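Asks: Below is the file final_22.cif, with mmCIF, C-alpha atoms.
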```
data_my_file
#
loop_
_atom_site.label_atom_id
_atom_site.label_comp_id
_atom_site.auth_asym_id
_atom_site.auth_seq_id
_atom_site.Cartn_x
_atom_site.Cartn_y
_atom_site.Cartn_z
CA MET A 27 -37.27 -17.11 16.60
CA ASP A 28 -35.04 -19.43 14.60
CA GLU A 29 -31.80 -17.87 13.26
CA LYS A 30 -32.85 -18.59 9.68
CA ASP A 31 -35.93 -16.44 10.22
CA ILE A 32 -33.86 -13.39 11.12
CA PRO A 33 -33.44 -11.02 8.15
CA ARG A 34 -29.96 -11.22 6.68
CA ASN A 35 -29.15 -7.54 7.20
CA LEU A 36 -30.05 -7.82 10.89
CA ARG A 37 -27.86 -10.91 11.29
CA GLU A 38 -24.97 -9.06 9.63
CA GLU A 39 -25.45 -6.06 11.90
CA GLU A 40 -25.43 -8.32 14.96
CA GLU A 41 -22.31 -10.11 13.73
CA GLU A 42 -20.54 -6.77 13.20
CA GLU A 43 -21.53 -5.57 16.65
CA ASN A 44 -20.21 -8.77 18.25
CA GLN A 45 -17.02 -8.59 16.24
CA SER A 46 -16.56 -4.92 17.14
CA GLU A 47 -16.92 -5.71 20.83
CA GLU A 48 -14.39 -8.54 20.55
CA THR A 49 -11.97 -6.19 18.79
CA LYS A 50 -12.37 -3.57 21.54
CA ILE A 51 -11.53 -6.19 24.17
CA LEU A 52 -8.50 -7.28 22.14
CA ILE A 53 -7.22 -3.73 21.72
CA SER A 54 -7.57 -3.02 25.44
CA SER A 55 -5.19 -5.91 26.14
CA LEU A 56 -2.46 -4.85 23.69
CA PRO A 57 0.80 -3.06 24.58
CA TRP A 58 0.95 0.50 23.29
CA GLU A 59 3.28 3.46 22.80
CA ILE A 60 2.75 7.15 22.06
CA ASP A 61 4.11 8.17 18.65
CA TYR A 62 5.62 11.50 17.62
CA LEU A 63 2.14 12.83 16.82
CA GLY A 64 0.97 12.12 20.35
CA ASN A 65 -1.29 9.27 19.20
CA LYS A 66 -1.47 5.76 20.61
CA LEU A 67 0.08 2.98 18.56
CA PHE A 68 -0.87 -0.58 19.51
CA MET A 69 1.40 -3.59 19.00
CA PHE A 70 -0.45 -6.48 17.33
CA GLN A 71 1.31 -9.60 16.06
CA GLY A 72 4.62 -7.80 15.69
CA TYR A 73 3.43 -4.56 14.06
CA TRP A 74 2.19 -1.16 15.23
CA TYR A 75 -1.27 0.18 14.35
CA TYR A 76 -3.57 3.02 15.22
CA GLU A 77 -6.79 1.89 16.84
CA ASP A 78 -9.00 2.60 13.82
CA VAL A 79 -6.67 0.73 11.46
CA LEU A 80 -6.41 -2.15 13.91
CA LYS A 81 -10.19 -2.48 13.92
CA SER A 82 -10.17 -3.16 10.19
CA ILE A 83 -7.82 -6.15 10.37
CA PRO A 84 -10.38 -8.63 11.79
CA ASN A 85 -12.80 -7.43 9.11
CA ILE A 86 -10.26 -8.22 6.40
CA HIS A 87 -9.34 -11.58 7.90
CA SER A 88 -12.93 -12.71 8.28
CA SER A 89 -14.48 -11.35 5.09
CA PHE A 90 -11.98 -10.55 2.33
CA GLN A 91 -12.19 -13.26 -0.31
CA SER A 92 -9.19 -12.86 -2.56
CA GLN A 93 -9.42 -13.95 -6.18
CA GLU A 94 -6.69 -15.35 -8.36
CA THR A 95 -6.74 -12.30 -10.63
CA ASP A 96 -6.62 -9.75 -7.79
CA ILE A 97 -3.74 -7.31 -7.73
CA ILE A 98 -2.68 -5.75 -4.44
CA VAL A 99 -0.28 -2.80 -4.40
CA ALA A 100 1.54 -3.05 -1.08
CA SER A 101 3.89 -0.39 0.23
CA PHE A 102 5.26 1.32 3.30
CA TYR A 103 4.32 4.95 3.84
CA LYS A 104 6.04 7.56 1.67
CA SER A 105 7.67 5.02 -0.65
CA GLY A 106 6.16 5.82 -4.03
CA THR A 107 2.66 4.46 -3.41
CA THR A 108 0.79 7.07 -5.48
CA TRP A 109 3.10 6.54 -8.46
CA LEU A 110 2.92 2.75 -8.27
CA LYS A 111 -0.87 2.79 -8.05
CA ALA A 112 -1.11 4.98 -11.15
CA LEU A 113 1.34 2.81 -13.09
CA THR A 114 -0.41 -0.42 -12.11
CA PHE A 115 -3.84 0.88 -13.10
CA ALA A 116 -2.60 2.32 -16.41
CA LEU A 117 -0.86 -0.94 -17.30
CA VAL A 118 -3.65 -3.41 -16.58
CA GLN A 119 -6.39 -1.17 -17.96
CA ARG A 120 -4.68 0.06 -21.13
CA SER A 121 -6.75 -2.23 -23.37
CA LYS A 122 -9.87 -0.62 -21.92
CA HIS A 123 -8.61 2.96 -21.50
CA SER A 124 -6.48 4.27 -24.34
CA LEU A 125 -3.40 6.17 -23.22
CA GLU A 126 -4.44 8.97 -25.58
CA ASP A 127 -7.96 9.13 -24.17
CA HIS A 128 -8.72 12.63 -22.90
CA HIS A 129 -11.20 11.01 -20.51
CA HIS A 130 -8.72 8.54 -19.03
CA PRO A 131 -9.70 7.84 -15.38
CA LEU A 132 -6.31 9.00 -14.11
CA LEU A 133 -7.01 12.47 -15.51
CA SER A 134 -10.13 12.89 -13.39
CA HIS A 135 -9.52 10.59 -10.41
CA ASN A 136 -6.73 10.36 -7.86
CA PRO A 137 -4.84 7.01 -7.89
CA HIS A 138 -5.87 6.40 -4.26
CA GLU A 139 -9.51 6.65 -5.27
CA ILE A 140 -9.04 4.20 -8.14
CA VAL A 141 -6.96 1.71 -6.14
CA PRO A 142 -8.46 1.79 -2.61
CA TYR A 143 -6.80 0.62 0.58
CA LEU A 144 -8.17 -2.52 2.17
CA GLU A 145 -7.60 -1.30 5.73
CA LEU A 146 -8.00 2.47 5.30
CA ASN A 147 -10.99 2.55 2.96
CA LEU A 148 -12.87 -0.65 2.28
CA TYR A 149 -12.80 -2.51 5.60
CA LEU A 150 -12.29 0.42 7.96
CA ASN A 151 -15.95 0.72 8.95
CA SER A 152 -17.45 -2.46 7.54
CA SER A 153 -16.74 -6.16 7.67
CA LYS A 154 -18.60 -6.68 4.40
CA PRO A 155 -18.05 -3.77 2.01
CA ASP A 156 -19.50 -3.90 -1.49
CA LEU A 157 -16.70 -5.10 -3.77
CA THR A 158 -18.89 -5.77 -6.80
CA LYS A 159 -17.94 -2.44 -8.37
CA PHE A 160 -14.33 -3.60 -8.63
CA ILE A 161 -15.15 -5.78 -11.61
CA SER A 162 -14.86 -9.39 -12.23
CA SER A 163 -14.59 -12.56 -10.27
CA SER A 164 -12.51 -14.29 -12.92
CA SER A 165 -11.67 -11.94 -15.78
CA SER A 166 -7.92 -11.51 -16.19
CA SER A 167 -8.51 -8.52 -18.47
CA SER A 168 -10.25 -6.63 -15.66
CA PRO A 169 -8.60 -7.68 -12.38
CA ARG A 170 -9.62 -6.11 -9.11
CA LEU A 171 -7.08 -3.57 -7.84
CA PHE A 172 -6.54 -2.99 -4.14
CA SER A 173 -3.77 -1.58 -2.00
CA THR A 174 -2.43 -1.85 1.53
CA HIS A 175 0.20 -0.52 3.90
CA MET A 176 -0.01 -3.71 5.95
CA SER A 177 2.85 -6.20 6.04
CA LEU A 178 2.59 -9.51 4.24
CA ASP A 179 2.47 -11.17 7.66
CA ALA A 180 -0.78 -9.31 8.39
CA LEU A 181 -2.22 -10.28 5.01
CA LYS A 182 -1.27 -13.94 5.00
CA LEU A 183 -4.55 -15.23 6.37
CA PRO A 184 -6.83 -13.80 3.65
CA LEU A 185 -4.28 -14.38 0.87
CA LYS A 186 -3.98 -18.07 1.70
CA LYS A 187 -7.40 -18.52 0.12
CA SER A 188 -6.24 -17.54 -3.35
CA PRO A 189 -2.87 -16.81 -5.01
CA CYS A 190 -3.52 -13.24 -6.10
CA LYS A 191 -0.63 -11.01 -7.15
CA GLY A 192 1.03 -8.31 -5.11
CA ASP A 193 3.68 -5.77 -6.00
CA PHE A 194 5.60 -4.12 -3.18
CA SER A 195 7.39 -0.80 -3.25
CA GLN A 196 9.89 0.42 -0.71
CA ASN A 197 12.09 3.47 -0.36
CA GLU A 198 15.47 3.38 1.34
CA LYS A 199 14.94 6.45 3.54
CA ILE A 200 11.27 7.14 4.21
CA ILE A 201 11.48 9.72 7.01
CA ARG A 202 9.85 13.10 6.33
CA ALA A 203 10.11 16.23 8.47
CA GLU A 204 6.59 17.69 8.10
CA ASN A 205 5.65 20.05 10.94
CA TYR A 206 6.70 17.73 13.72
CA SER A 207 9.92 17.35 15.68
CA PHE A 208 12.28 15.64 13.29
CA LYS A 209 14.25 14.23 16.19
CA ALA A 210 11.08 12.60 17.56
CA ILE A 211 10.24 11.14 14.13
CA PHE A 212 13.76 9.82 13.73
CA GLU A 213 13.83 8.18 17.16
CA SER A 214 10.42 6.58 16.58
CA PHE A 215 11.64 5.16 13.29
CA CYS A 216 14.85 3.80 14.81
CA ASN A 217 12.87 2.21 17.63
CA GLY A 218 10.53 0.62 15.11
CA VAL A 219 7.53 2.39 16.63
CA THR A 220 5.84 3.67 13.47
CA LEU A 221 2.50 2.90 11.89
CA HIS A 222 2.73 -0.55 10.23
CA GLY A 223 6.34 -0.72 11.43
CA PRO A 224 8.96 -1.73 12.22
CA PHE A 225 9.96 -0.73 8.70
CA TRP A 226 12.57 -3.46 8.29
CA ASP A 227 10.18 -6.24 9.31
CA HIS A 228 7.58 -4.84 6.92
CA ALA A 229 10.06 -4.80 4.02
CA LEU A 230 11.40 -8.24 4.88
CA SER A 231 7.92 -9.77 4.85
CA TYR A 232 7.48 -8.89 1.18
CA TRP A 233 11.10 -9.53 0.27
CA ARG A 234 10.80 -13.09 1.56
CA GLY A 235 7.47 -13.45 -0.21
CA SER A 236 9.11 -12.48 -3.50
CA LEU A 237 11.88 -15.04 -2.98
CA GLU A 238 9.53 -17.86 -1.98
CA ASP A 239 6.85 -17.16 -4.59
CA PRO A 240 8.13 -14.84 -7.36
CA LYS A 241 5.11 -15.66 -9.52
CA HIS A 242 2.82 -13.89 -7.08
CA PHE A 243 5.07 -11.32 -5.39
CA LEU A 244 7.14 -8.64 -7.09
CA PHE A 245 9.50 -6.54 -4.97
CA MET A 246 10.25 -3.10 -6.43
CA ARG A 247 12.52 -0.33 -5.22
CA TYR A 248 11.60 3.32 -5.70
CA GLU A 249 15.23 4.18 -6.47
CA GLU A 250 15.33 1.65 -9.31
CA LEU A 251 12.03 2.86 -10.70
CA LYS A 252 13.41 6.40 -10.76
CA ALA A 253 16.75 5.37 -12.27
CA GLU A 254 15.40 2.97 -14.91
CA PRO A 255 11.72 3.79 -15.41
CA ARG A 256 11.28 2.09 -18.79
CA THR A 257 12.98 -1.12 -17.66
CA GLN A 258 11.06 -1.28 -14.39
CA VAL A 259 7.67 -0.51 -15.95
CA LYS A 260 8.20 -3.29 -18.51
CA ARG A 261 9.18 -5.58 -15.63
CA LEU A 262 5.99 -4.62 -13.79
CA ALA A 263 3.89 -5.23 -16.91
CA GLU A 264 5.41 -8.72 -17.33
CA PHE A 265 4.61 -9.55 -13.71
CA LEU A 266 1.02 -8.35 -14.10
CA ASP A 267 0.54 -10.62 -17.15
CA CYS A 268 0.08 -7.67 -19.49
CA PRO A 269 3.47 -7.36 -21.21
CA PHE A 270 3.99 -4.78 -23.93
CA THR A 271 3.71 -6.08 -27.46
CA LYS A 272 6.35 -5.12 -30.03
CA GLU A 273 3.77 -2.90 -31.68
CA GLU A 274 3.11 -1.10 -28.40
CA GLU A 275 6.81 -0.57 -27.81
CA ASP A 276 7.25 0.73 -31.36
CA ASN A 277 4.29 3.09 -30.82
CA GLY A 278 5.84 4.50 -27.65
CA SER A 279 3.30 3.05 -25.22
CA VAL A 280 5.89 2.64 -22.47
CA ASP A 281 6.81 6.32 -22.60
CA LYS A 282 3.15 7.32 -22.83
CA ILE A 283 2.36 5.45 -19.61
CA LEU A 284 5.36 6.98 -17.88
CA GLU A 285 4.24 10.45 -18.94
CA LEU A 286 0.61 9.88 -17.94
CA CYS A 287 1.64 8.57 -14.52
CA SER A 288 4.51 10.97 -13.88
CA LEU A 289 4.25 12.88 -10.62
CA SER A 290 4.67 16.15 -12.51
CA ASN A 291 1.66 15.34 -14.70
CA LEU A 292 -0.53 13.95 -11.93
CA SER A 293 0.21 16.83 -9.55
CA SER A 294 -0.77 19.37 -12.22
CA LEU A 295 -4.28 17.94 -12.64
CA GLU A 296 -7.18 19.87 -11.12
CA ILE A 297 -8.51 16.82 -9.25
CA ASN A 298 -5.18 16.42 -7.45
CA LYS A 299 -4.95 20.12 -6.63
CA THR A 300 -8.41 20.47 -5.12
CA GLY A 301 -9.77 16.99 -4.37
CA SER A 302 -9.68 14.98 -1.15
CA LEU A 303 -10.57 11.56 0.22
CA GLY A 304 -11.25 10.64 3.83
CA GLY A 305 -10.26 14.09 4.99
CA VAL A 306 -6.87 13.96 3.24
CA ASP A 307 -6.19 16.51 0.50
CA TYR A 308 -4.89 14.83 -2.66
CA GLU A 309 -2.17 17.46 -3.06
CA THR A 310 -0.42 16.07 0.05
CA TYR A 311 0.37 12.88 -1.85
CA PHE A 312 2.65 14.72 -4.26
CA ARG A 313 6.12 15.65 -3.09
CA LYS A 314 9.48 16.20 -4.71
CA GLY A 315 9.93 12.49 -5.32
CA GLN A 316 13.70 12.95 -5.36
CA VAL A 317 15.97 10.05 -4.51
CA GLY A 318 18.27 11.04 -1.65
CA ASP A 319 16.16 13.97 -0.47
CA TRP A 320 16.59 12.60 3.06
CA LYS A 321 20.04 14.24 3.03
CA SER A 322 18.28 17.59 3.45
CA TYR A 323 17.00 16.49 6.87
CA MET A 324 19.45 13.99 8.36
CA THR A 325 22.84 14.64 9.92
CA SER A 326 25.74 12.29 9.20
CA GLU A 327 25.32 10.85 12.70
CA MET A 328 21.66 10.09 11.97
CA VAL A 329 22.55 8.44 8.67
CA ASN A 330 25.18 6.26 10.33
CA LYS A 331 22.80 5.25 13.11
CA ILE A 332 19.98 4.27 10.80
CA ASP A 333 22.32 2.45 8.41
CA MET A 334 23.72 0.40 11.30
CA ILE A 335 20.24 -0.50 12.52
CA VAL A 336 18.96 -1.51 9.09
CA GLU A 337 22.13 -3.47 8.30
CA GLU A 338 21.72 -5.42 11.53
CA LYS A 339 18.00 -6.06 10.97
CA LEU A 340 18.49 -7.25 7.38
CA LYS A 341 21.60 -9.35 8.03
CA GLY A 342 21.50 -12.64 6.18
CA SER A 343 18.28 -11.85 4.28
CA GLY A 344 19.91 -10.85 0.99
CA LEU A 345 17.93 -7.60 1.01
CA LYS A 346 20.01 -4.45 0.70
CA PHE A 347 19.12 -0.77 0.41
#
```
Represent the supplied structure as structure tokens.

Replies:
Amino acid sequence: MDEKDIPRNLREEEEEENQSEETKILISSLPWEIDYLGNKLFMFQGYWYYEDVLKSIPNIHSSFQSQETDIIVASFYKSGTTWLKALTFALVQRSKHSLEDHHHPLLSHNPHEIVPYLELNLYLNSSKPDLTKFISSSSSSSPRLFSTHMSLDALKLPLKKSPCKGDFSQNEKIIRAENYSFKAIFESFCNGVTLHGPFWDHALSYWRGSLEDPKHFLFMRYEELKAEPRTQVKRLAEFLDCPFTKEEEDNGSVDKILELCSLSNLSSLEINKTGSLGGVDYETYFRKGQVGDWKSYMTSEMVNKIDMIVEEKLKGSGLKF
């Protein structure tokens, strides 16, 4: 039978099976470490991944067709991702969804549902997910919104096809105690053996992107967003090509967006108290959100150690925490 006579869905299934087998062979050849959770982390092209996340990367590289109007919210874990997703959606969709609308999507959907991860949601189990529901192929008023925890290095291949926009958020101290040995978490972080880590390489990839191409990469700090929310949200809106008009500013639109997207408001919503996605309860995404809360967990010796490591890793880059 000629290949053209094979039904398209069967060809796609065969391609996915072949690709999956190739990925399995690749993973079996990679160096690995056991993280503080007792799970295997595999080193691939300078970064650490769990096996399931690693499987999605070839899918993204081979199939994700970025568009010029795409917006990708990129962040490291526990660095304000939920907040940034909500702000980004509210900003770019405010002409479509009034900030006073009692049926605003953010009131009934978690930000992670509205702005899905490329590697954790869309391409995790499929090389060709249906992206048609994410609106247009060219409309700047309705750009597609995606997110990722991957470094810019890992995204470079698919993003070369089109200059979409990405905004990156990072937090100076991202370690959290949870129910695991804090010492083990700390040592893993210092050794760079964390999911999507090392942290400093991850941050530097986007920092350099923002310096080389500021039109398409915006680097944001959680601490600055907390300290100057109005200034930073207006900066984000400018970057996303949806700046506030004078009328909007006079009508208090900036403050309305900040209130709608505040962690206190989002965490009080029923959907975020009871909902879940991919086995993760939405309520786990909402924490204190306090700058400097790491002081509650880290000794002065730990702080000095991590500061010395980060200072050494970032030397000469111009990036400071």

Asks: Would you please work out which residue, of A:Thr220, A:Leu52, A:Glu327, A:Ser134, is nearest to Thr300 (chain A) when using all atoms listed in the file?

Replies: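 For Thr300 (chain A), the nearest of the given residues is A:Ser134.
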
Asks: Quick one: pull the distance between CA of Ile83 (chain A) and CA of Leu340 (chain A), Å, one decimal.

Replies: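 That distance, rounded to one decimal, is 26.5 Å.
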
Asks: Using CA of Tyr103 (chain A) and CA of His222 (chain A) as the two end points, give the distance in Å to one decimal.

Replies: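 It comes out at 8.6 Å.
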
Asks: With all atoms listed in the file as the counted atoms, please give the residues lying no more than 12 Å from Ser54 (chain A), apart from itself and same-chain residues fewer than 2 positions off, as a count of residues only.

Replies: 17

Asks: Extract, using only C-alpha atoms, all DNA, RNA and protein residues at most 10 Å from Asp281 (chain A), discarding same-chain residues fewer than 6 positions from it, and format them as a list in words.

Replies: Pro255, Arg256, Val259, Glu275 and Cys287 of chain A

Asks: Is there a way to get, as a list of chain:residue names, all residues within 10 Å of the point (0.3, -2.9, 4.3) in file coordinates, counting all atoms listed in the file?

Replies: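 Looking at atoms near the point gives A:Ile98, A:Val99, A:Ala100, A:Ser101, A:Phe102, A:Tyr103, A:Tyr143, A:Leu144, A:Glu145, A:Leu146, A:Ser173, A:Thr174, A:His175, A:Met176, A:Ser177, A:Leu178, A:Asp179, A:Ala180, A:Leu181, A:Phe194, A:Leu221, A:His222, A:Gly223, A:His228, A:Ala229, A:Tyr232.
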
Asks: Which residue, A:Ser92, A:Ser214, A:Gln119, A:Ser124, has the smallest gap to Lys182 (chain A) when you use all atoms listed in the file?

Replies: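 Between A:Ser92, A:Ser214, A:Gln119, A:Ser124, the residue approaching Lys182 (chain A) most closely is A:Ser92.
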
Asks: Smallest atom-to-atom distance to Cys190 (chain A): which of A:Ser152, A:Thr310, A:Ser294, A:Gln93, using all atoms listed in the file?

Replies: A:Gln93

Asks: May I ask which of the residues A:Asn217, A:Ser236, A:Asn136, A:Thr108 is the closest one to Ile335 (chain A), counting all atoms listed in the file?

Replies: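 Using all atoms listed in the file, Ile335 (chain A) sits closest to A:Asn217.
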
Asks: Which one of A:Pro224, A:His242, A:Phe115, A:Glu309 sits closest to Tyr75 (chain A) if you count all atoms listed in the file?

Replies: A:Pro224

Asks: Give me the residues within 10 Å of Ser121 (chain A) as a PyMOL selection string, counting all atoms listed in the file and dropping any in the same chain fewer than 3 places off.

Replies: chain A and resi 116-118+124-125+167-168+268

Asks: Fewer than 2 positions away in the same chain doesn't count, so skip those; otherwise give me all residues within 12 Å of region 128-133 of chain A, counting only C-alpha atoms, as a PDB file with C-alpha atoms, keeping the file's coordinate frame.

Replies:
```
ATOM      1  CA  THR A 108       0.790   7.070  -5.480  1.00  0.00           C
ATOM      2  CA  TRP A 109       3.100   6.540  -8.460  1.00  0.00           C
ATOM      3  CA  LYS A 111      -0.870   2.790  -8.050  1.00  0.00           C
ATOM      4  CA  ALA A 112      -1.110   4.980 -11.150  1.00  0.00           C
ATOM      5  CA  LEU A 113       1.340   2.810 -13.090  1.00  0.00           C
ATOM      6  CA  THR A 114      -0.410  -0.420 -12.110  1.00  0.00           C
ATOM      7  CA  PHE A 115      -3.840   0.880 -13.100  1.00  0.00           C
ATOM      8  CA  ALA A 116      -2.600   2.320 -16.410  1.00  0.00           C
ATOM      9  CA  LEU A 117      -0.860  -0.940 -17.300  1.00  0.00           C
ATOM     10  CA  GLN A 119      -6.390  -1.170 -17.960  1.00  0.00           C
ATOM     11  CA  ARG A 120      -4.680   0.060 -21.130  1.00  0.00           C
ATOM     12  CA  SER A 121      -6.750  -2.230 -23.370  1.00  0.00           C
ATOM     13  CA  LYS A 122      -9.870  -0.620 -21.920  1.00  0.00           C
ATOM     14  CA  HIS A 123      -8.610   2.960 -21.500  1.00  0.00           C
ATOM     15  CA  SER A 124      -6.480   4.270 -24.340  1.00  0.00           C
ATOM     16  CA  LEU A 125      -3.400   6.170 -23.220  1.00  0.00           C
ATOM     17  CA  GLU A 126      -4.440   8.970 -25.580  1.00  0.00           C
ATOM     18  CA  HIS A 135      -9.520  10.590 -10.410  1.00  0.00           C
ATOM     19  CA  ASN A 136      -6.730  10.360  -7.860  1.00  0.00           C
ATOM     20  CA  PRO A 137      -4.840   7.010  -7.890  1.00  0.00           C
ATOM     21  CA  HIS A 138      -5.870   6.400  -4.260  1.00  0.00           C
ATOM     22  CA  GLU A 139      -9.510   6.650  -5.270  1.00  0.00           C
ATOM     23  CA  ILE A 140      -9.040   4.200  -8.140  1.00  0.00           C
ATOM     24  CA  VAL A 141      -6.960   1.710  -6.140  1.00  0.00           C
ATOM     25  CA  ILE A 283       2.360   5.450 -19.610  1.00  0.00           C
ATOM     26  CA  GLU A 285       4.240  10.450 -18.940  1.00  0.00           C
ATOM     27  CA  LEU A 286       0.610   9.880 -17.940  1.00  0.00           C
ATOM     28  CA  CYS A 287       1.640   8.570 -14.520  1.00  0.00           C
ATOM     29  CA  SER A 288       4.510  10.970 -13.880  1.00  0.00           C
ATOM     30  CA  LEU A 289       4.250  12.880 -10.620  1.00  0.00           C
ATOM     31  CA  ASN A 291       1.660  15.340 -14.700  1.00  0.00           C
ATOM     32  CA  LEU A 292      -0.530  13.950 -11.930  1.00  0.00           C
ATOM     33  CA  SER A 293       0.210  16.830  -9.550  1.00  0.00           C
ATOM     34  CA  SER A 294      -0.770  19.370 -12.220  1.00  0.00           C
ATOM     35  CA  LEU A 295      -4.280  17.940 -12.640  1.00  0.00           C
ATOM     36  CA  GLU A 296      -7.180  19.870 -11.120  1.00  0.00           C
ATOM     37  CA  ILE A 297      -8.510  16.820  -9.250  1.00  0.00           C
ATOM     38  CA  ASN A 298      -5.180  16.420  -7.450  1.00  0.00           C
ATOM     39  CA  LYS A 299      -4.950  20.120  -6.630  1.00  0.00           C
TER      40      LYS A 299
END
```
